[in-house]
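Q: Contents of run02.cif (mmCIF, C-alpha atoms and all ligand atoms) are below:
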data_target
#
loop_
_atom_site.label_atom_id
_atom_site.label_comp_id
_atom_site.auth_asym_id
_atom_site.auth_seq_id
_atom_site.Cartn_x
_atom_site.Cartn_y
_atom_site.Cartn_z
CA MET A 15 -26.32 10.69 1.81
CA LYS A 16 -26.89 8.94 5.12
CA ILE A 17 -24.75 9.76 8.14
CA HIS A 18 -24.44 6.80 10.50
CA GLU A 19 -23.57 7.35 14.16
CA ASN A 20 -21.42 5.12 16.36
CA PHE A 21 -20.52 3.06 13.33
CA SER A 22 -18.36 -0.08 13.62
CA LEU A 23 -15.22 0.05 11.46
CA LYS A 24 -14.35 -3.64 11.98
CA ASN A 25 -15.24 -4.48 8.38
CA HIS A 26 -13.62 -1.32 7.05
CA ASN A 27 -10.00 -1.99 8.06
CA THR A 28 -8.12 -5.07 6.87
CA PHE A 29 -6.61 -5.59 10.36
CA GLY A 30 -10.19 -6.29 11.44
CA VAL A 31 -9.75 -4.14 14.54
CA ALA A 32 -13.04 -3.51 16.36
CA VAL A 33 -13.19 0.28 16.63
CA SER A 34 -16.00 2.68 15.87
CA ALA A 35 -16.40 6.05 14.22
CA LYS A 36 -18.49 8.77 15.83
CA CYS A 37 -19.99 9.37 12.36
CA PHE A 38 -19.65 7.49 9.08
CA VAL A 39 -20.82 8.27 5.58
CA GLU A 40 -20.40 6.61 2.22
CA VAL A 41 -20.14 8.96 -0.78
CA SER A 42 -20.63 8.01 -4.42
CA SER A 43 -20.08 11.34 -6.15
CA VAL A 44 -17.92 14.45 -5.84
CA GLU A 45 -21.04 16.43 -4.88
CA GLU A 46 -21.73 14.05 -1.98
CA LEU A 47 -18.10 14.22 -0.96
CA ILE A 48 -18.24 18.03 -0.77
CA GLU A 49 -21.53 17.81 1.12
CA ALA A 50 -19.99 15.40 3.65
CA HIS A 51 -16.95 17.63 4.02
CA GLN A 52 -19.16 20.70 4.65
CA TYR A 53 -21.22 18.74 7.18
CA ALA A 54 -18.07 17.87 9.11
CA LYS A 55 -17.03 21.53 9.07
CA THR A 56 -20.33 22.78 10.44
CA GLN A 57 -20.32 20.08 13.14
CA SER A 58 -16.63 20.73 13.94
CA LEU A 59 -15.82 17.10 13.23
CA GLN A 60 -12.42 15.88 12.17
CA THR A 61 -12.61 13.87 8.94
CA LEU A 62 -10.88 10.72 7.82
CA ILE A 63 -11.05 9.54 4.22
CA LEU A 64 -11.16 5.79 3.93
CA GLY A 65 -10.49 3.76 0.79
CA GLY A 66 -10.04 0.01 1.16
CA GLY A 67 -8.77 0.37 4.75
CA SER A 68 -5.78 -1.77 3.84
CA ASN A 69 -2.95 0.39 5.10
CA ILE A 70 -4.34 1.76 8.32
CA LEU A 71 -4.19 0.80 11.99
CA PHE A 72 -6.84 2.24 14.30
CA THR A 73 -5.47 2.37 17.83
CA LYS A 74 -8.64 3.98 19.19
CA ASN A 75 -12.17 4.94 18.21
CA PHE A 76 -12.33 7.75 15.68
CA GLU A 77 -14.19 10.71 17.20
CA GLY A 78 -15.00 12.37 13.89
CA LEU A 79 -16.56 11.68 10.50
CA VAL A 80 -15.19 8.81 8.44
CA ILE A 81 -15.88 9.35 4.74
CA GLN A 82 -15.85 6.14 2.74
CA LEU A 83 -15.02 6.98 -0.89
CA ASN A 84 -17.14 4.92 -3.21
CA LEU A 85 -16.54 6.66 -6.56
CA LYS A 86 -16.70 4.04 -9.33
CA GLY A 87 -15.96 3.86 -13.04
CA ILE A 88 -13.20 3.15 -15.54
CA SER A 89 -12.64 4.94 -18.86
CA GLU A 90 -10.13 4.44 -21.65
CA GLU A 91 -8.60 6.59 -24.37
CA VAL A 92 -6.32 5.14 -27.03
CA ILE A 93 -3.51 7.66 -27.60
CA SER A 94 -1.21 5.88 -30.02
CA GLU A 95 -0.77 2.65 -31.89
CA ASN A 96 0.32 0.85 -28.75
CA GLU A 97 -0.64 3.09 -25.81
CA VAL A 98 -3.84 3.71 -23.95
CA LEU A 99 -4.75 6.03 -21.09
CA VAL A 100 -6.89 4.27 -18.52
CA THR A 101 -8.60 6.29 -15.82
CA ALA A 102 -10.15 4.66 -12.77
CA LYS A 103 -12.20 6.34 -10.05
CA SER A 104 -10.74 6.11 -6.58
CA GLY A 105 -13.31 3.67 -5.16
CA GLU A 106 -12.45 0.94 -7.65
CA ASN A 107 -10.82 -2.06 -5.98
CA TRP A 108 -7.14 -2.14 -7.02
CA HIS A 109 -6.86 -5.83 -7.88
CA GLU A 110 -10.15 -5.83 -9.83
CA PHE A 111 -8.86 -2.83 -11.76
CA VAL A 112 -5.61 -4.65 -12.58
CA GLN A 113 -7.62 -7.68 -13.72
CA PHE A 114 -9.82 -5.45 -15.88
CA CYS A 115 -6.68 -4.06 -17.59
CA LEU A 116 -5.34 -7.57 -18.15
CA GLY A 117 -8.70 -8.60 -19.60
CA GLU A 118 -8.33 -5.77 -22.14
CA ASN A 119 -4.71 -6.84 -22.69
CA TYR A 120 -3.34 -3.55 -21.31
CA GLY A 121 0.16 -4.01 -19.93
CA GLY A 122 2.03 -2.25 -17.11
CA LEU A 123 0.22 -3.14 -13.91
CA GLU A 124 0.52 -6.95 -13.94
CA ASN A 125 3.32 -7.05 -11.34
CA LEU A 126 1.01 -5.18 -8.97
CA SER A 127 -1.66 -7.89 -8.97
CA LEU A 128 -3.39 -8.75 -5.70
CA ILE A 129 -2.24 -5.68 -3.77
CA PRO A 130 -5.07 -4.94 -1.35
CA GLY A 131 -6.78 -1.53 -1.32
CA ASN A 132 -8.44 0.83 -3.77
CA VAL A 133 -7.21 2.76 -6.80
CA GLY A 134 -7.50 6.09 -4.96
CA THR A 135 -4.96 5.16 -2.33
CA SER A 136 -2.41 3.76 -4.78
CA PRO A 137 -0.62 7.10 -5.37
CA MET A 138 -0.55 7.96 -1.65
CA GLN A 139 2.21 5.48 -0.94
CA ASN A 140 3.26 4.78 -4.52
CA ILE A 141 2.33 1.11 -4.12
CA GLY A 142 4.89 -1.31 -5.40
CA ALA A 143 5.79 -4.96 -5.73
CA TYR A 144 8.08 -7.23 -7.76
CA GLY A 145 10.19 -4.51 -9.32
CA THR A 146 7.30 -2.21 -10.28
CA GLU A 147 5.80 0.88 -8.66
CA ILE A 148 2.74 2.78 -9.80
CA LYS A 149 4.91 5.77 -10.62
CA ASP A 150 6.18 3.75 -13.63
CA THR A 151 2.78 3.98 -15.40
CA PHE A 152 1.17 6.87 -13.52
CA VAL A 153 0.19 9.88 -15.66
CA SER A 154 -1.89 12.04 -13.33
CA CYS A 155 -4.55 12.06 -10.68
CA GLN A 156 -7.48 14.35 -10.17
CA VAL A 157 -7.88 15.60 -6.61
CA LEU A 158 -10.29 17.73 -4.63
CA ASN A 159 -8.49 20.56 -2.87
CA LEU A 160 -10.15 20.71 0.54
CA GLU A 161 -9.28 24.38 1.10
CA THR A 162 -10.66 25.75 -2.17
CA LEU A 163 -13.06 22.87 -2.97
CA GLU A 164 -11.74 23.01 -6.53
CA LEU A 165 -10.62 20.10 -8.65
CA GLU A 166 -6.93 19.97 -9.50
CA ASN A 167 -4.70 17.73 -11.58
CA PHE A 168 -1.44 16.36 -10.21
CA ASP A 169 1.10 14.95 -12.65
CA ALA A 170 3.82 12.53 -11.52
CA LYS A 171 6.28 15.34 -10.84
CA LYS A 172 3.85 17.16 -8.58
CA CYS A 173 3.13 13.91 -6.71
CA ASN A 174 6.82 13.75 -5.78
CA PHE A 175 6.87 9.96 -5.62
CA GLY A 176 9.48 8.09 -3.63
CA TYR A 177 9.73 4.62 -2.10
CA ARG A 178 6.28 4.20 -0.50
CA GLU A 179 6.09 8.01 -0.49
CA SER A 180 4.30 10.87 -2.18
CA ILE A 181 3.27 14.46 -1.53
CA PHE A 182 -0.02 13.07 -0.16
CA LYS A 183 1.81 11.55 2.82
CA ARG A 184 3.98 14.65 3.40
CA ALA A 185 3.33 18.31 2.51
CA GLY A 186 -0.13 17.58 1.06
CA LYS A 187 -1.30 15.41 3.95
CA GLY A 188 -4.96 16.05 4.70
CA LYS A 189 -5.20 18.75 2.02
CA TYR A 190 -6.39 16.73 -0.96
CA ILE A 191 -8.69 13.85 -1.73
CA ILE A 192 -7.74 11.71 -4.71
CA LEU A 193 -10.77 11.23 -6.96
CA GLU A 194 -9.38 9.36 -9.94
CA VAL A 195 -6.06 8.13 -11.29
CA THR A 196 -4.88 7.89 -14.91
CA PHE A 197 -2.29 5.36 -16.07
CA LYS A 198 -0.53 5.01 -19.41
CA LEU A 199 -0.56 1.34 -20.38
CA THR A 200 0.58 -0.59 -23.41
CA THR A 201 -1.74 -2.35 -25.86
CA LYS A 202 1.03 -4.36 -27.51
CA ASN A 203 4.80 -4.92 -27.30
CA HIS A 204 4.36 -5.14 -23.54
CA GLN A 205 7.42 -4.69 -21.37
CA ILE A 206 7.56 -7.84 -19.33
CA LYS A 207 9.38 -7.42 -16.00
CA THR A 208 10.44 -10.71 -14.54
CA GLU A 209 13.91 -9.80 -13.18
CA TYR A 210 12.53 -10.02 -9.68
CA GLY A 211 13.82 -13.42 -8.52
CA ALA A 212 10.61 -14.99 -7.33
CA ILE A 213 8.76 -14.23 -10.59
CA SER A 214 11.30 -15.87 -12.87
CA SER A 215 11.53 -18.97 -10.68
CA GLU A 216 7.73 -19.20 -10.49
CA LEU A 217 7.50 -18.96 -14.31
CA LYS A 218 10.15 -21.65 -14.59
CA ASN A 219 8.06 -23.88 -12.33
CA LEU A 220 5.16 -23.33 -14.68
CA GLU A 221 7.44 -24.05 -17.65
CA ILE A 222 6.65 -20.71 -19.26
CA GLU A 223 9.48 -19.18 -21.29
CA ASN A 224 7.98 -16.11 -22.95
CA PRO A 225 5.27 -15.05 -20.55
CA THR A 226 2.29 -12.89 -21.45
CA ILE A 227 1.25 -10.12 -19.07
CA GLN A 228 -1.57 -12.38 -17.91
CA GLU A 229 0.94 -15.12 -17.06
CA VAL A 230 3.13 -12.67 -15.15
CA SER A 231 0.05 -11.67 -13.17
CA LYS A 232 -0.71 -15.34 -12.42
CA ALA A 233 2.86 -15.88 -11.19
CA VAL A 234 2.62 -12.81 -8.95
CA ILE A 235 -0.70 -14.00 -7.55
CA THR A 236 0.76 -17.44 -6.81
CA ILE A 237 3.79 -15.94 -5.05
CA ARG A 238 1.71 -13.53 -2.99
CA GLN A 239 -0.78 -16.20 -2.02
CA SER A 240 2.02 -18.54 -0.99
CA LYS A 241 3.53 -16.19 1.57
CA LEU A 242 1.25 -13.26 2.29
CA PRO A 243 -1.82 -13.84 4.46
CA ASP A 244 -5.19 -13.05 2.85
CA PRO A 245 -6.67 -10.16 4.88
CA LYS A 246 -10.13 -11.70 4.44
CA VAL A 247 -8.91 -14.69 6.46
CA ILE A 248 -6.26 -13.20 8.80
CA GLY A 249 -6.31 -9.49 9.61
CA ASN A 250 -3.20 -7.68 8.35
CA ALA A 251 -2.09 -4.63 6.38
CA GLY A 252 0.70 -6.10 4.26
CA SER A 253 4.20 -4.93 5.11
CA PHE A 254 3.99 -3.13 8.43
CA PHE A 255 7.38 -1.42 8.07
CA LYS A 256 9.35 0.06 5.19
CA ASN A 257 12.61 -1.55 4.16
CA PRO A 258 15.18 0.80 5.76
CA SER A 259 17.89 2.53 3.73
CA ILE A 260 21.12 3.12 5.60
CA SER A 261 24.34 4.93 4.74
CA ARG A 262 27.24 2.96 3.22
CA GLU A 263 29.33 3.57 6.36
CA GLN A 264 26.64 2.18 8.63
CA PHE A 265 26.11 -0.73 6.25
CA LEU A 266 29.80 -1.69 6.29
CA GLU A 267 29.82 -1.57 10.09
CA VAL A 268 26.78 -3.84 10.43
CA GLN A 269 27.97 -6.11 7.61
CA GLU A 270 31.18 -6.79 9.45
CA LYS A 271 29.17 -8.41 12.22
CA TYR A 272 26.53 -9.98 9.94
CA PRO A 273 28.23 -10.79 6.60
CA GLU A 274 25.18 -12.77 5.42
CA MET A 275 22.88 -9.71 5.62
CA PRO A 276 20.96 -9.33 2.31
CA ASN A 277 21.36 -5.82 0.86
CA TYR A 278 20.42 -3.74 -2.16
CA PRO A 279 22.83 -0.84 -2.80
CA ASN A 280 21.12 2.19 -4.34
CA ALA A 281 23.22 5.34 -4.99
CA ASP A 282 24.79 6.37 -1.64
CA LEU A 283 22.41 4.27 0.42
CA VAL A 284 21.93 0.58 1.01
CA LYS A 285 18.48 -0.91 1.41
CA ILE A 286 18.13 -3.79 3.87
CA PRO A 287 15.04 -6.05 3.88
CA ALA A 288 13.21 -5.31 7.12
CA GLY A 289 11.81 -8.87 7.03
CA TRP A 290 15.32 -10.23 7.42
CA LEU A 291 16.19 -7.89 10.32
CA ILE A 292 12.95 -8.82 12.11
CA GLU A 293 13.47 -12.54 11.53
CA GLN A 294 17.04 -12.32 12.88
CA CYS A 295 15.64 -10.83 16.09
CA GLY A 296 13.54 -13.95 16.54
CA TRP A 297 10.16 -12.43 15.72
CA LYS A 298 9.14 -14.49 12.71
CA GLY A 299 6.03 -16.48 13.60
CA LYS A 300 6.16 -15.25 17.20
CA GLN A 301 2.82 -14.49 18.89
CA ILE A 302 2.18 -12.33 21.92
CA GLY A 303 -1.44 -12.30 23.05
CA ASN A 304 -3.58 -11.74 19.96
CA VAL A 305 -0.81 -10.43 17.70
CA ALA A 306 1.93 -12.18 15.73
CA SER A 307 4.54 -11.69 13.07
CA HIS A 308 3.55 -13.84 10.09
CA GLN A 309 5.32 -17.19 9.97
CA LEU A 310 6.13 -16.90 6.25
CA GLN A 311 6.94 -13.17 6.03
CA ALA A 312 8.19 -11.51 9.21
CA LEU A 313 7.44 -8.01 7.86
CA VAL A 314 3.71 -8.66 8.06
CA ILE A 315 2.07 -8.24 11.46
CA ILE A 316 -1.17 -10.18 11.84
CA ASN A 317 -4.26 -10.07 14.03
CA ALA A 318 -3.67 -13.73 14.88
CA THR A 319 -6.82 -14.44 16.89
CA GLY A 320 -9.06 -11.88 15.20
CA ASN A 321 -9.51 -10.19 18.59
CA ALA A 322 -6.46 -7.92 18.65
CA THR A 323 -6.91 -4.29 19.54
CA GLY A 324 -5.11 -1.61 17.56
CA LYS A 325 -3.15 -0.71 20.68
CA GLU A 326 -1.89 -4.31 21.03
CA ILE A 327 -0.77 -4.34 17.39
CA PHE A 328 0.92 -0.96 17.81
CA ASP A 329 2.72 -2.09 20.99
CA PHE A 330 3.85 -5.27 19.22
CA SER A 331 5.31 -3.15 16.42
CA THR A 332 7.11 -0.97 18.98
CA MET A 333 8.73 -4.07 20.50
CA ILE A 334 9.95 -5.08 17.04
CA ILE A 335 11.37 -1.60 16.37
CA GLU A 336 13.17 -1.66 19.74
CA SER A 337 14.73 -5.07 19.26
CA VAL A 338 15.90 -4.33 15.69
CA LYS A 339 17.38 -1.06 16.95
CA GLU A 340 19.15 -2.83 19.79
CA LYS A 341 20.60 -5.66 17.69
CA PHE A 342 21.46 -3.80 14.48
CA GLY A 343 21.34 -0.09 15.38
CA ILE A 344 18.83 0.35 12.51
CA GLU A 345 15.60 2.24 13.07
CA LEU A 346 12.54 0.75 11.35
CA GLU A 347 9.83 3.11 10.16
CA ARG A 348 6.16 2.06 10.09
CA GLU A 349 4.62 1.94 6.63
CA VAL A 350 1.06 1.60 7.88
CA ASN A 351 -0.83 4.80 8.81
CA ILE A 352 -1.49 4.93 12.53
CA ILE A 353 -4.69 6.61 13.68
N1 LIG B 401 13.27 -11.76 4.33
C1 LIG B 401 13.65 -12.57 5.38
N2 LIG B 401 12.67 -13.01 6.23
C2 LIG B 401 11.37 -12.71 6.08
C3 LIG B 401 10.98 -11.88 5.00
C4 LIG B 401 11.94 -11.41 4.12
O1 LIG B 401 14.81 -12.87 5.55
O2 LIG B 401 10.57 -13.15 6.90
C5 LIG B 401 14.30 -11.25 3.39
C6 LIG B 401 14.77 -12.23 2.34
O3 LIG B 401 16.15 -12.00 2.16
C7 LIG B 401 14.03 -11.80 1.10
C8 LIG B 401 13.97 -10.30 1.29
O4 LIG B 401 13.81 -10.14 2.70
O5 LIG B 401 14.72 -12.13 -0.06
C9 LIG B 401 12.85 -9.62 0.54
O6 LIG B 401 11.61 -10.21 0.90
P1 LIG B 401 10.32 -10.09 -0.07
O7 LIG B 401 10.69 -10.46 -1.43
O8 LIG B 401 9.21 -10.81 0.59
O9 LIG B 401 10.03 -8.55 -0.12
P2 LIG B 401 9.98 -7.42 1.00
O10 LIG B 401 11.09 -6.47 0.74
O11 LIG B 401 9.90 -8.02 2.37
C10 LIG B 401 8.56 -5.78 -0.44
C11 LIG B 401 7.33 -4.96 -0.26
C12 LIG B 401 6.07 -5.81 -0.40
C13 LIG B 401 6.08 -6.46 -1.78
C14 LIG B 401 7.36 -7.30 -1.89
C15 LIG B 401 7.51 -7.94 -3.24
C16 LIG B 401 8.02 -3.17 1.25
C17 LIG B 401 7.89 -2.58 2.61
N3 LIG B 401 7.36 -4.31 1.05
O12 LIG B 401 8.61 -6.70 0.65
O13 LIG B 401 4.96 -4.95 -0.35
O14 LIG B 401 4.94 -7.27 -1.97
O15 LIG B 401 8.51 -6.44 -1.69
O16 LIG B 401 7.94 -7.03 -4.18
O17 LIG B 401 8.68 -2.61 0.39
C18 LIG B 401 3.35 -4.00 1.16
O18 LIG B 401 3.86 -2.92 0.93
O19 LIG B 401 2.36 -4.14 1.92
C19 LIG B 401 3.92 -5.20 0.55
C20 LIG B 401 3.48 -6.42 0.82
#
In structure tokens, write the structure found in this file.
Ligand code: EPU
A:
Amino acid sequence: MKIHENFSLKNHNTFGVAVSAKCFVEVSSVEELIEAHQYAKTQSLQTLILGGGSNILFTKNFEGLVIQLNLKGISEEVISENEVLVTAKSGENWHEFVQFCLGENYGGLENLSLIPGNVGTSPMQNIGAYGTEIKDTFVSCQVLNLETLELENFDAKKCNFGYRESIFKRAGKGKYIILEVTFKLTTKNHQIKTEYGAISSELKNLEIENPTIQEVSKAVITIRQSKLPDPKVIGNAGSFFKNPSISREQFLEVQEKYPEMPNYPNADLVKIPAGWLIEQCGWKGKQIGNVASHQLQALVIINATGNATGKEIFDFSTMIIESVKEKFGIELEREVNII
């Protein structure tokens, strides 16, 4: 285990922000992880666990120990005629893991193709896209409890999943490190989910009527590539904000003024696409200094020149929040973790 000092994090966050960590270590086993954690304790260093760095914005240098989780491996256990449990270690790249499952003809994750990040961070914010969230196939995850240094198992109930939410972002924040995640997938009679508008129209374009899970994945990849910037080319962290849910009363008030506002009623609340709100405020494609809102998806903030600082990106997001609040009276919440 090698501890690096004054380590550049530019290649370890998908925004490509040039910040450094006082100390940095890559760990490939639970033993190394515990060793790194103990080291930080003895040196009184704050720790930060990093997966793919795809949902994080560094606004300043990190004056502690960054632990890069590099645990690898995938295992499978057939549990019934058409179900399999697949367990992936947290350092596996998410999209490669999804492609592995599709290669084995395991269904359930195809709608989540091409989401950046690693397997270990997927439960943190219950990643989701195109009508699917990981909670739909999630069975359990194994975590390291940082207080007791014991391994524990969290089932879906204990994870308390919500929209881009879990216990790991709330009550359990900083207390656990996710080591591996187990999903229950199908080996046949796959449940194809194409209700999400863009998928069905993409499949129509391809003239596919009864898609396989592999074809659904291809459609998702095409859609994502057509409107979401590739972080390897333009720094970004996907959606920067959550889609806000507002009360029915508030919705009716705003709708009176903006009858064309897209909306998704859900129980007592109504979800409004943040991308629409941001676009209506004139931000789509707009650049200030090194930062912009993406021209094809206003919800994605990009490091347009590659030279943006985290502070610039953060300030840009604050301006968006303020103008949406002023025009619609709706408060946007950041989805990306701010450090
Ligand atoms: N819209 C606009 N202008 C825009 C963008 C969106 O008007 O610039 C409106 C349109 O009405 C559109 C609606 O917003 O129909 C929804 O847009 P989209 O289908 O692109 O989805 P989203 O709600 O903006 C969410 C997730 C994405 C996920 C997509 C697809 C959140 C915060 N984001 O975006 O997840 O890929 O659905 O399912 O829920 C991510 O979390 O990083 C992410 C990319």
Q: State, in Å with one decimal place, the distance from atom CA of Val234 of chain A to atom CA of Ala143 of chain A.
A: 9.1 Å
Q: When you count all atoms listed in the file, which of these residues is closest to Tyr120 of chain A: A:Gln228, A:Glu179, A:Glu106, A:Leu59?
A: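 The shortest atom-to-atom distance to Tyr120 of chain A comes from A:Gln228.
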Q: Taking every listed atom of ligand LIG 401 (chain B) and adding 3 Å to each side, what centre and edge lengths in Å (one decimal) does the axis-aligned box have, as AutoDock Vina command-line options?
A:
--center_x 9.3 --center_y -7.9 --center_z 1.4 --size_x 19.8 --size_y 16.6 --size_z 17.1
Q: Using all atoms listed in the file, can you tell me which of A:Ala54, A:Ala212, A:Leu85, A:Val305 comes closest to Asn132 of chain A?
A: A:Leu85
Q: With all atoms listed in the file counted, collect every polymer residue having an atom within 7 Å of ligand LIG 401 (chain B); state the result as a PyMOL selection string.
A: chain A and resi 141-145+251-257+276+287-290+293+298+310-313+349
Q: Output C-alpha atoms of each residue in that selection to a file, as a PDB file, keeping the file's coordinate frame.
A:
ATOM      1  CA  ILE A 141       2.330   1.110  -4.120  1.00  0.00           C
ATOM      2  CA  GLY A 142       4.890  -1.310  -5.400  1.00  0.00           C
ATOM      3  CA  ALA A 143       5.790  -4.960  -5.730  1.00  0.00           C
ATOM      4  CA  TYR A 144       8.080  -7.230  -7.760  1.00  0.00           C
ATOM      5  CA  GLY A 145      10.190  -4.510  -9.320  1.00  0.00           C
ATOM      6  CA  ALA A 251      -2.090  -4.630   6.380  1.00  0.00           C
ATOM      7  CA  GLY A 252       0.700  -6.100   4.260  1.00  0.00           C
ATOM      8  CA  SER A 253       4.200  -4.930   5.110  1.00  0.00           C
ATOM      9  CA  PHE A 254       3.990  -3.130   8.430  1.00  0.00           C
ATOM     10  CA  PHE A 255       7.380  -1.420   8.070  1.00  0.00           C
ATOM     11  CA  LYS A 256       9.350   0.060   5.190  1.00  0.00           C
ATOM     12  CA  ASN A 257      12.610  -1.550   4.160  1.00  0.00           C
ATOM     13  CA  PRO A 276      20.960  -9.330   2.310  1.00  0.00           C
ATOM     14  CA  PRO A 287      15.040  -6.050   3.880  1.00  0.00           C
ATOM     15  CA  ALA A 288      13.210  -5.310   7.120  1.00  0.00           C
ATOM     16  CA  GLY A 289      11.810  -8.870   7.030  1.00  0.00           C
ATOM     17  CA  TRP A 290      15.320 -10.230   7.420  1.00  0.00           C
ATOM     18  CA  GLU A 293      13.470 -12.540  11.530  1.00  0.00           C
ATOM     19  CA  LYS A 298       9.140 -14.490  12.710  1.00  0.00           C
ATOM     20  CA  LEU A 310       6.130 -16.900   6.250  1.00  0.00           C
ATOM     21  CA  GLN A 311       6.940 -13.170   6.030  1.00  0.00           C
ATOM     22  CA  ALA A 312       8.190 -11.510   9.210  1.00  0.00           C
ATOM     23  CA  LEU A 313       7.440  -8.010   7.860  1.00  0.00           C
ATOM     24  CA  GLU A 349       4.620   1.940   6.630  1.00  0.00           C
TER      25      GLU A 349
END
